[in-house]
Amino acid sequence: MRVIPWIAAVLTLALVTPAFAQEEWDNFKFPEDGFEVNFPGKPLVQTTTYTSQYRYQLPAKVFTASHGRERYSVTVVDYRPAEAQGVARARQCPPGAETCVGTQDGRQGTIIGLGYWKMDVRGAMSFAALKYMQRDAKVTDFNLQFQQVVEGYFMQLTNRDESRSFVYITMHENRLYIFEGTTPKGAPEPGLFQGSVGIVDAKGGSIRYTDYYSNAVHGLRESEPPPFRVDGGPPQTWPTGGYTGSGRPAPGAEPYVPPAGRGGAAAAPGAPAPGRN
């Protein structure tokens, strides 16, 4: 984990109130949603729908907990359905519309098309950060960081009531994570929460990459993700040839070809169909 300013708050809290922290705080792992974090007690979970920058409706969950006047939340947005929604949108767009042109891999001379679903995924963290910038609060810090070598944005805001919000926005395997801890005026930073952010596999094992992971590149499989360790074990990699998520079609699958007269022409008989990266 990268050393960042709020780590000092973890040490301060550990020295001042160790028994208090041990009694109320615990590490919670959510394998189904792919993350772990410390919460002051078991969080409440709400299922909701998130509207993305390109207006796709995506499944989301919000995990919330409080500790006195402190508030904590994790929002998880699953961007994996964006591809299917983009393909469906492209099939319905009017002739000549740019959202129908191309297959996003440049093989038809353009990298747009298919409803911009890849751009939606690539810009997910920026879109989430924009929402915080539009709040009735002053942004006092905003920078690129990483947790467990997974790329993310760290933000700090001072709210109208002089409470402070500490936000970490990251993305892994096409799921967006927004961690937010808010403490009242004069209180320490929420280090026990922010310092515990992590990614887990389907069995709840803690993942740490051996090199920098960026979802815009690796989540979309523009390049293979770097090796990672689970619970400090030997390096391993994600499966390659059988990968069927966003960014690569299933083995043997036919790539989507825009139908004739709907903004793109179908492939001529005998011509290789355009691919999808």
# chains A, B, ... in the order shown; residues from 1 in each chain; ligands from 1
call {"tool": "closest_atom_pairs", "arguments": {"of": "range 22-134 of chain A", "to": "range 185-196 of chain A", "cutoff": "10 Å", "atoms": "only C-alpha atoms", "output": "tab-separated table"}}
result
residue	atom	partner	partner_atom	distance
A:Trp25	CA	A:Leu192	CA	8.1
A:Asp26	CA	A:Leu192	CA	9.4
A:Asn27	CA	A:Ser196	CA	7.8
A:Phe28	CA	A:Ser196	CA	9.7
A:Glu36	CA	A:Ser196	CA	7.4
A:Val37	CA	A:Ser196	CA	5.0
A:Asn38	CA	A:Phe193	CA	5.1
A:Phe39	CA	A:Phe193	CA	6.4
A:Pro40	CA	A:Phe193	CA	8.5
A:Arg69	CA	A:Ala187	CA	9.7
A:Glu70	CA	A:Pro190	CA	8.3
A:Arg71	CA	A:Pro190	CA	9.3
A:Tyr72	CA	A:Phe193	CA	7.9
A:Ser73	CA	A:Phe193	CA	9.6
call {"tool": "residues_around", "arguments": {"residues": "range 120-126 of chain A", "least_positions_apart": "2", "cutoff": "8 Å", "atoms": "only C-alpha atoms", "output": "VMD selection string"}}
result
chain A and resid 52 to 54 79 82 116 to 118 128 to 130 152 to 153 169 to 171 174 176 215 to 216
call {"tool": "atom_distance", "arguments": {"atom1": "CA of Tyr209 in chain A", "atom2": "CA of Gly233 in chain A"}}
result
11.4 Å
call {"tool": "closest_residue", "arguments": {"among": "A:Ala65, A:Val76, A:Val197, A:Val87", "to": "Thr49 in chain A", "atoms": "only C-alpha atoms"}}
result
A:Val76
call {"tool": "select_by_dssp", "arguments": {"residues": "range 61-215 of chain A", "states": "alpha helix (DSSP H)", "output": "JSON, numbers by chain"}}
result
{"A": [82, 83, 84, 85, 86, 87, 88, 89, 90, 91, 92, 117, 118, 119, 120, 121, 122, 124, 125, 126, 127, 128, 129, 130, 131, 132, 133, 191, 192, 193, 194]}
call {"tool": "atom_distance", "arguments": {"atom1": "CA of His67 in chain A", "atom2": "CA of Glu24 in chain A"}}
result
8.8 Å
call {"tool": "select_by_dssp", "arguments": {"residues": "range 133-222 of chain A", "states": "strand (DSSP E)", "output": "number ranges by chain"}}
result
A: 137-147, 150-159, 164-172, 175-183, 198-200, 206-209
call {"tool": "atom_distance", "arguments": {"atom1": "CA of Gly219 in chain A", "atom2": "CA of His172 in chain A"}}
result
6.5 Å
call {"tool": "residues_around", "arguments": {"residues": "Glu162 in chain A", "least_positions_apart": "2", "cutoff": "12 Å", "atoms": "only C-alpha atoms", "output": "VMD selection string"}}
result
chain A and resid 136 to 138 157 to 160 164 to 165 182 to 187
call {"tool": "closest_residue", "arguments": {"among": "A:Met119, A:Leu220, A:Val62, A:Val77", "to": "Tyr50 in chain A", "atoms": "only C-alpha atoms"}}
result
A:Val77
call {"tool": "residues_around", "arguments": {"residues": "Asn143 in chain A", "least_positions_apart": "2", "cutoff": "7 Å", "atoms": "only C-alpha atoms", "output": "VMD selection string"}}
result
chain A and resid 141 145 153 to 155
call {"tool": "residues_around", "arguments": {"residues": "Phe35 in chain A", "least_positions_apart": "3", "cutoff": "12 Å", "atoms": "only C-alpha atoms", "output": "ChimeraX atom specification"}}
result
/A:27-32,38,63,74-77,147-148,150,170-173,175-179,196-208
call {"tool": "write_last_selection", "arguments": {"atoms": "N, CA and C atoms", "output": "compact mmCIF listing (two decimals), in the first residue's frame"}}
result
# COMPACT_ATOMS: atom_id res chain seq x y z
N ASN A 27 -12.47 -5.67 10.20
CA ASN A 27 -12.29 -5.76 8.76
C ASN A 27 -13.40 -6.61 8.16
N PHE A 28 -14.08 -6.08 7.16
CA PHE A 28 -15.15 -6.80 6.49
C PHE A 28 -14.75 -7.05 5.04
N LYS A 29 -14.94 -8.31 4.61
CA LYS A 29 -14.64 -8.68 3.23
C LYS A 29 -15.95 -9.00 2.51
N PHE A 30 -16.03 -8.55 1.27
CA PHE A 30 -17.22 -8.77 0.45
C PHE A 30 -16.80 -9.41 -0.87
N PRO A 31 -16.55 -10.73 -0.87
CA PRO A 31 -16.06 -11.40 -2.08
C PRO A 31 -16.96 -11.23 -3.29
N GLU A 32 -18.28 -11.20 -3.07
CA GLU A 32 -19.20 -11.05 -4.19
C GLU A 32 -19.01 -9.71 -4.89
N ASN A 38 -12.25 -1.66 6.56
CA ASN A 38 -12.65 -1.62 7.96
C ASN A 38 -13.91 -0.77 8.12
N PHE A 63 -22.85 0.54 0.75
CA PHE A 63 -22.60 0.02 2.09
C PHE A 63 -22.38 1.21 3.02
N VAL A 74 -19.35 2.92 1.19
CA VAL A 74 -18.68 2.38 0.00
C VAL A 74 -19.76 2.16 -1.05
N THR A 75 -19.57 2.76 -2.21
CA THR A 75 -20.47 2.56 -3.34
C THR A 75 -19.75 1.70 -4.37
N VAL A 76 -20.40 0.62 -4.78
CA VAL A 76 -19.84 -0.29 -5.79
C VAL A 76 -20.75 -0.26 -7.01
N VAL A 77 -20.19 0.08 -8.16
CA VAL A 77 -20.97 0.14 -9.40
C VAL A 77 -20.39 -0.87 -10.39
N GLN A 147 -4.01 1.86 -4.18
CA GLN A 147 -4.12 0.95 -3.06
C GLN A 147 -3.94 -0.46 -3.59
N GLN A 148 -3.04 -1.22 -2.95
CA GLN A 148 -2.69 -2.56 -3.42
C GLN A 148 -2.25 -2.54 -4.88
N VAL A 150 -3.43 -0.78 -7.24
CA VAL A 150 -4.55 -0.54 -8.15
C VAL A 150 -4.80 0.96 -8.21
N THR A 170 -11.64 4.19 -6.97
CA THR A 170 -10.79 3.25 -7.70
C THR A 170 -11.66 2.35 -8.57
N MET A 171 -11.01 1.55 -9.42
CA MET A 171 -11.76 0.68 -10.33
C MET A 171 -10.94 -0.56 -10.59
N HIS A 172 -11.60 -1.72 -10.52
CA HIS A 172 -10.90 -2.99 -10.71
C HIS A 172 -11.82 -3.96 -11.45
N GLU A 173 -11.32 -4.52 -12.53
CA GLU A 173 -12.06 -5.49 -13.33
C GLU A 173 -13.47 -4.98 -13.66
N ARG A 175 -15.35 -2.79 -12.22
CA ARG A 175 -16.25 -2.38 -11.15
C ARG A 175 -15.67 -1.13 -10.48
N LEU A 176 -16.52 -0.13 -10.32
CA LEU A 176 -16.12 1.14 -9.72
C LEU A 176 -16.36 1.09 -8.22
N TYR A 177 -15.39 1.60 -7.44
CA TYR A 177 -15.50 1.64 -5.98
C TYR A 177 -15.29 3.06 -5.50
N ILE A 178 -16.22 3.54 -4.68
CA ILE A 178 -16.13 4.89 -4.11
C ILE A 178 -16.17 4.75 -2.59
N PHE A 179 -15.03 4.98 -1.94
CA PHE A 179 -14.91 4.91 -0.49
C PHE A 179 -14.97 6.32 0.07
N SER A 196 -7.53 0.88 5.14
CA SER A 196 -7.81 -0.56 5.02
C SER A 196 -8.41 -0.94 3.68
N VAL A 197 -8.51 0.00 2.76
CA VAL A 197 -9.12 -0.27 1.45
C VAL A 197 -8.35 -1.37 0.73
N GLY A 198 -9.07 -2.35 0.22
CA GLY A 198 -8.41 -3.43 -0.51
C GLY A 198 -9.33 -4.10 -1.51
N ILE A 199 -8.71 -4.89 -2.38
CA ILE A 199 -9.42 -5.68 -3.39
C ILE A 199 -9.31 -7.15 -3.01
N VAL A 200 -10.40 -7.90 -3.15
CA VAL A 200 -10.36 -9.33 -2.83
C VAL A 200 -10.85 -10.16 -4.01
N ASP A 201 -10.45 -11.44 -4.02
CA ASP A 201 -10.91 -12.34 -5.07
C ASP A 201 -12.22 -13.00 -4.65
N ALA A 202 -12.70 -13.93 -5.45
CA ALA A 202 -14.01 -14.54 -5.22
C ALA A 202 -14.06 -15.36 -3.93
N LYS A 203 -12.89 -15.72 -3.38
CA LYS A 203 -12.84 -16.47 -2.13
C LYS A 203 -12.53 -15.58 -0.93
N GLY A 204 -12.40 -14.27 -1.18
CA GLY A 204 -12.11 -13.35 -0.09
C GLY A 204 -10.63 -13.14 0.17
N GLY A 205 -9.77 -13.68 -0.69
CA GLY A 205 -8.34 -13.48 -0.54
C GLY A 205 -7.93 -12.07 -0.94
N SER A 206 -7.05 -11.46 -0.17
CA SER A 206 -6.62 -10.08 -0.43
C SER A 206 -5.63 -10.05 -1.60
N ILE A 207 -5.94 -9.22 -2.60
CA ILE A 207 -5.14 -9.12 -3.81
C ILE A 207 -4.19 -7.93 -3.73
N ARG A 208 -2.94 -8.16 -4.12
CA ARG A 208 -1.98 -7.06 -4.28
C ARG A 208 -1.18 -7.33 -5.55
call {"tool": "closest_residue", "arguments": {"among": "A:Glu151, A:Asp78, A:Glu180, A:Asp161", "to": "Leu58 in chain A", "atoms": "only C-alpha atoms"}}
result
A:Asp78
call {"tool": "closest_residue", "arguments": {"among": "A:Phe166, A:Tyr213, A:Tyr132, A:Tyr56", "to": "Gly115 in chain A", "atoms": "only C-alpha atoms"}}
result
A:Tyr56
call {"tool": "decode", "arguments": {"residues": "range 70-203 of chain A", "atoms": "C-alpha atoms", "output": "PDB file, in the first residue's frame"}}
result
ATOM      1  CA  GLU A  70     -18.582   9.909  11.734  1.00  0.00           C
ATOM      2  CA  ARG A  71     -20.094   8.543   8.535  1.00  0.00           C
ATOM      3  CA  TYR A  72     -18.682   5.883   6.239  1.00  0.00           C
ATOM      4  CA  SER A  73     -19.829   4.514   2.908  1.00  0.00           C
ATOM      5  CA  VAL A  74     -18.684   2.376   0.002  1.00  0.00           C
ATOM      6  CA  THR A  75     -20.470   2.559  -3.336  1.00  0.00           C
ATOM      7  CA  VAL A  76     -19.838  -0.288  -5.787  1.00  0.00           C
ATOM      8  CA  VAL A  77     -20.969   0.137  -9.400  1.00  0.00           C
ATOM      9  CA  ASP A  78     -20.802  -2.781 -11.822  1.00  0.00           C
ATOM     10  CA  TYR A  79     -19.794  -1.449 -15.254  1.00  0.00           C
ATOM     11  CA  ARG A  80     -19.665  -4.908 -16.815  1.00  0.00           C
ATOM     12  CA  PRO A  81     -23.200  -4.626 -18.299  1.00  0.00           C
ATOM     13  CA  ALA A  82     -22.194  -1.450 -20.174  1.00  0.00           C
ATOM     14  CA  GLU A  83     -20.962  -3.383 -23.211  1.00  0.00           C
ATOM     15  CA  ALA A  84     -24.272  -5.150 -23.847  1.00  0.00           C
ATOM     16  CA  GLN A  85     -26.168  -1.898 -23.344  1.00  0.00           C
ATOM     17  CA  GLY A  86     -23.828  -0.114 -25.754  1.00  0.00           C
ATOM     18  CA  VAL A  87     -24.298  -2.764 -28.425  1.00  0.00           C
ATOM     19  CA  ALA A  88     -28.085  -2.577 -27.984  1.00  0.00           C
ATOM     20  CA  ARG A  89     -28.004   1.206 -28.253  1.00  0.00           C
ATOM     21  CA  ALA A  90     -25.890   1.088 -31.399  1.00  0.00           C
ATOM     22  CA  ARG A  91     -28.386  -1.243 -33.066  1.00  0.00           C
ATOM     23  CA  GLN A  92     -31.120   1.345 -32.572  1.00  0.00           C
ATOM     24  CA  CYS A  93     -29.334   4.574 -33.455  1.00  0.00           C
ATOM     25  CA  PRO A  94     -30.302   6.494 -36.615  1.00  0.00           C
ATOM     26  CA  PRO A  95     -28.321   6.111 -39.863  1.00  0.00           C
ATOM     27  CA  GLY A  96     -25.011   7.966 -39.820  1.00  0.00           C
ATOM     28  CA  ALA A  97     -24.967   8.593 -36.071  1.00  0.00           C
ATOM     29  CA  GLU A  98     -21.423   8.446 -34.739  1.00  0.00           C
ATOM     30  CA  THR A  99     -22.466   6.076 -31.966  1.00  0.00           C
ATOM     31  CA  CYS A 100     -23.045   3.456 -34.692  1.00  0.00           C
ATOM     32  CA  VAL A 101     -19.789   3.955 -36.573  1.00  0.00           C
ATOM     33  CA  GLY A 102     -16.858   1.659 -35.923  1.00  0.00           C
ATOM     34  CA  THR A 103     -16.148  -1.065 -33.418  1.00  0.00           C
ATOM     35  CA  GLN A 104     -13.907   0.868 -30.990  1.00  0.00           C
ATOM     36  CA  ASP A 105     -10.764  -0.944 -32.114  1.00  0.00           C
ATOM     37  CA  GLY A 106      -9.887   1.307 -35.072  1.00  0.00           C
ATOM     38  CA  ARG A 107     -10.430  -1.343 -37.727  1.00  0.00           C
ATOM     39  CA  GLN A 108     -13.023   0.789 -39.459  1.00  0.00           C
ATOM     40  CA  GLY A 109     -10.985   3.955 -39.115  1.00  0.00           C
ATOM     41  CA  THR A 110     -12.556   5.110 -35.860  1.00  0.00           C
ATOM     42  CA  ILE A 111     -12.469   4.265 -32.180  1.00  0.00           C
ATOM     43  CA  ILE A 112     -15.971   5.431 -31.316  1.00  0.00           C
ATOM     44  CA  GLY A 113     -19.172   3.545 -31.954  1.00  0.00           C
ATOM     45  CA  LEU A 114     -21.083   0.922 -29.984  1.00  0.00           C
ATOM     46  CA  GLY A 115     -22.672   3.577 -27.844  1.00  0.00           C
ATOM     47  CA  TYR A 116     -19.349   4.770 -26.369  1.00  0.00           C
ATOM     48  CA  TRP A 117     -19.434   1.992 -23.792  1.00  0.00           C
ATOM     49  CA  LYS A 118     -15.646   1.754 -23.579  1.00  0.00           C
ATOM     50  CA  MET A 119     -15.303   5.496 -23.067  1.00  0.00           C
ATOM     51  CA  ASP A 120     -17.912   5.196 -20.336  1.00  0.00           C
ATOM     52  CA  VAL A 121     -15.753   2.610 -18.569  1.00  0.00           C
ATOM     53  CA  ARG A 122     -12.528   4.566 -19.130  1.00  0.00           C
ATOM     54  CA  GLY A 123     -14.038   7.733 -17.690  1.00  0.00           C
ATOM     55  CA  ALA A 124     -15.878   6.161 -14.766  1.00  0.00           C
ATOM     56  CA  MET A 125     -13.454   7.373 -12.086  1.00  0.00           C
ATOM     57  CA  SER A 126     -13.351  10.903 -13.521  1.00  0.00           C
ATOM     58  CA  PHE A 127     -17.147  11.024 -13.659  1.00  0.00           C
ATOM     59  CA  ALA A 128     -17.373   9.931 -10.024  1.00  0.00           C
ATOM     60  CA  ALA A 129     -14.834  12.579  -9.029  1.00  0.00           C
ATOM     61  CA  LEU A 130     -16.785  15.260 -10.902  1.00  0.00           C
ATOM     62  CA  LYS A 131     -19.817  14.563  -8.750  1.00  0.00           C
ATOM     63  CA  TYR A 132     -17.791  15.409  -5.653  1.00  0.00           C
ATOM     64  CA  MET A 133     -16.457  18.576  -7.254  1.00  0.00           C
ATOM     65  CA  GLN A 134     -20.055  19.665  -7.852  1.00  0.00           C
ATOM     66  CA  ARG A 135     -20.975  19.312  -4.180  1.00  0.00           C
ATOM     67  CA  ASP A 136     -21.501  22.268  -1.866  1.00  0.00           C
ATOM     68  CA  ALA A 137     -18.016  21.747  -0.462  1.00  0.00           C
ATOM     69  CA  LYS A 138     -14.452  22.928  -1.002  1.00  0.00           C
ATOM     70  CA  VAL A 139     -12.060  20.452  -2.593  1.00  0.00           C
ATOM     71  CA  THR A 140      -8.757  20.780  -0.722  1.00  0.00           C
ATOM     72  CA  ASP A 141      -6.864  17.841  -2.247  1.00  0.00           C
ATOM     73  CA  PHE A 142      -7.155  15.756  -5.397  1.00  0.00           C
ATOM     74  CA  ASN A 143      -4.429  13.460  -6.647  1.00  0.00           C
ATOM     75  CA  LEU A 144      -3.606  10.130  -8.246  1.00  0.00           C
ATOM     76  CA  GLN A 145      -2.743   7.336  -5.840  1.00  0.00           C
ATOM     77  CA  PHE A 146      -3.067   3.577  -5.564  1.00  0.00           C
ATOM     78  CA  GLN A 147      -4.124   0.948  -3.061  1.00  0.00           C
ATOM     79  CA  GLN A 148      -2.688  -2.560  -3.415  1.00  0.00           C
ATOM     80  CA  VAL A 149      -1.102  -1.148  -6.596  1.00  0.00           C
ATOM     81  CA  VAL A 150      -4.545  -0.540  -8.155  1.00  0.00           C
ATOM     82  CA  GLU A 151      -4.924   2.966  -9.622  1.00  0.00           C
ATOM     83  CA  GLY A 152      -7.301   5.418  -7.962  1.00  0.00           C
ATOM     84  CA  TYR A 153      -8.038   9.056  -7.092  1.00  0.00           C
ATOM     85  CA  PHE A 154      -7.812  10.492  -3.589  1.00  0.00           C
ATOM     86  CA  MET A 155      -9.930  13.520  -2.728  1.00  0.00           C
ATOM     87  CA  GLN A 156     -10.359  15.631   0.405  1.00  0.00           C
ATOM     88  CA  LEU A 157     -13.264  18.046   0.866  1.00  0.00           C
ATOM     89  CA  THR A 158     -14.255  20.520   3.564  1.00  0.00           C
ATOM     90  CA  ASN A 159     -18.033  20.642   3.878  1.00  0.00           C
ATOM     91  CA  ARG A 160     -20.222  23.637   4.767  1.00  0.00           C
ATOM     92  CA  ASP A 161     -20.461  22.498   8.433  1.00  0.00           C
ATOM     93  CA  GLU A 162     -16.622  22.228   8.478  1.00  0.00           C
ATOM     94  CA  SER A 163     -16.698  18.459   8.607  1.00  0.00           C
ATOM     95  CA  ARG A 164     -14.183  16.816   6.295  1.00  0.00           C
ATOM     96  CA  SER A 165     -14.772  14.090   3.737  1.00  0.00           C
ATOM     97  CA  PHE A 166     -11.984  11.820   2.567  1.00  0.00           C
ATOM     98  CA  VAL A 167     -12.764  10.000  -0.673  1.00  0.00           C
ATOM     99  CA  TYR A 168     -10.924   7.268  -2.546  1.00  0.00           C
ATOM    100  CA  ILE A 169     -12.189   6.329  -6.015  1.00  0.00           C
ATOM    101  CA  THR A 170     -10.789   3.250  -7.702  1.00  0.00           C
ATOM    102  CA  MET A 171     -11.761   0.683 -10.325  1.00  0.00           C
ATOM    103  CA  HIS A 172     -10.905  -2.992 -10.715  1.00  0.00           C
ATOM    104  CA  GLU A 173     -12.064  -5.493 -13.328  1.00  0.00           C
ATOM    105  CA  ASN A 174     -14.705  -3.031 -14.547  1.00  0.00           C
ATOM    106  CA  ARG A 175     -16.254  -2.375 -11.149  1.00  0.00           C
ATOM    107  CA  LEU A 176     -16.123   1.139  -9.722  1.00  0.00           C
ATOM    108  CA  TYR A 177     -15.495   1.636  -5.980  1.00  0.00           C
ATOM    109  CA  ILE A 178     -16.125   4.888  -4.113  1.00  0.00           C
ATOM    110  CA  PHE A 179     -14.913   4.906  -0.487  1.00  0.00           C
ATOM    111  CA  GLU A 180     -16.017   7.909   1.575  1.00  0.00           C
ATOM    112  CA  GLY A 181     -15.318   8.714   5.212  1.00  0.00           C
ATOM    113  CA  THR A 182     -16.591  11.934   6.818  1.00  0.00           C
ATOM    114  CA  THR A 183     -15.489  13.174  10.228  1.00  0.00           C
ATOM    115  CA  PRO A 184     -16.789  16.216  12.179  1.00  0.00           C
ATOM    116  CA  LYS A 185     -14.892  19.457  12.665  1.00  0.00           C
ATOM    117  CA  GLY A 186     -11.777  18.974  14.770  1.00  0.00           C
ATOM    118  CA  ALA A 187     -11.852  15.155  14.578  1.00  0.00           C
ATOM    119  CA  PRO A 188      -8.954  13.084  13.185  1.00  0.00           C
ATOM    120  CA  GLU A 189      -8.988  11.859   9.622  1.00  0.00           C
ATOM    121  CA  PRO A 190     -10.809   8.508   9.104  1.00  0.00           C
ATOM    122  CA  GLY A 191      -7.566   6.552   8.887  1.00  0.00           C
ATOM    123  CA  LEU A 192      -8.920   3.232  10.174  1.00  0.00           C
ATOM    124  CA  PHE A 193     -11.323   3.241   7.229  1.00  0.00           C
ATOM    125  CA  GLN A 194      -9.197   4.715   4.437  1.00  0.00           C
ATOM    126  CA  GLY A 195      -6.055   2.809   5.354  1.00  0.00           C
ATOM    127  CA  SER A 196      -7.811  -0.555   5.022  1.00  0.00           C
ATOM    128  CA  VAL A 197      -9.120  -0.274   1.454  1.00  0.00           C
ATOM    129  CA  GLY A 198      -8.408  -3.429  -0.509  1.00  0.00           C
ATOM    130  CA  ILE A 199      -9.422  -5.677  -3.393  1.00  0.00           C
ATOM    131  CA  VAL A 200     -10.362  -9.325  -2.827  1.00  0.00           C
ATOM    132  CA  ASP A 201     -10.911 -12.336  -5.068  1.00  0.00           C
ATOM    133  CA  ALA A 202     -14.006 -14.544  -5.215  1.00  0.00           C
ATOM    134  CA  LYS A 203     -12.842 -16.469  -2.126  1.00  0.00           C
TER     135      LYS A 203
END
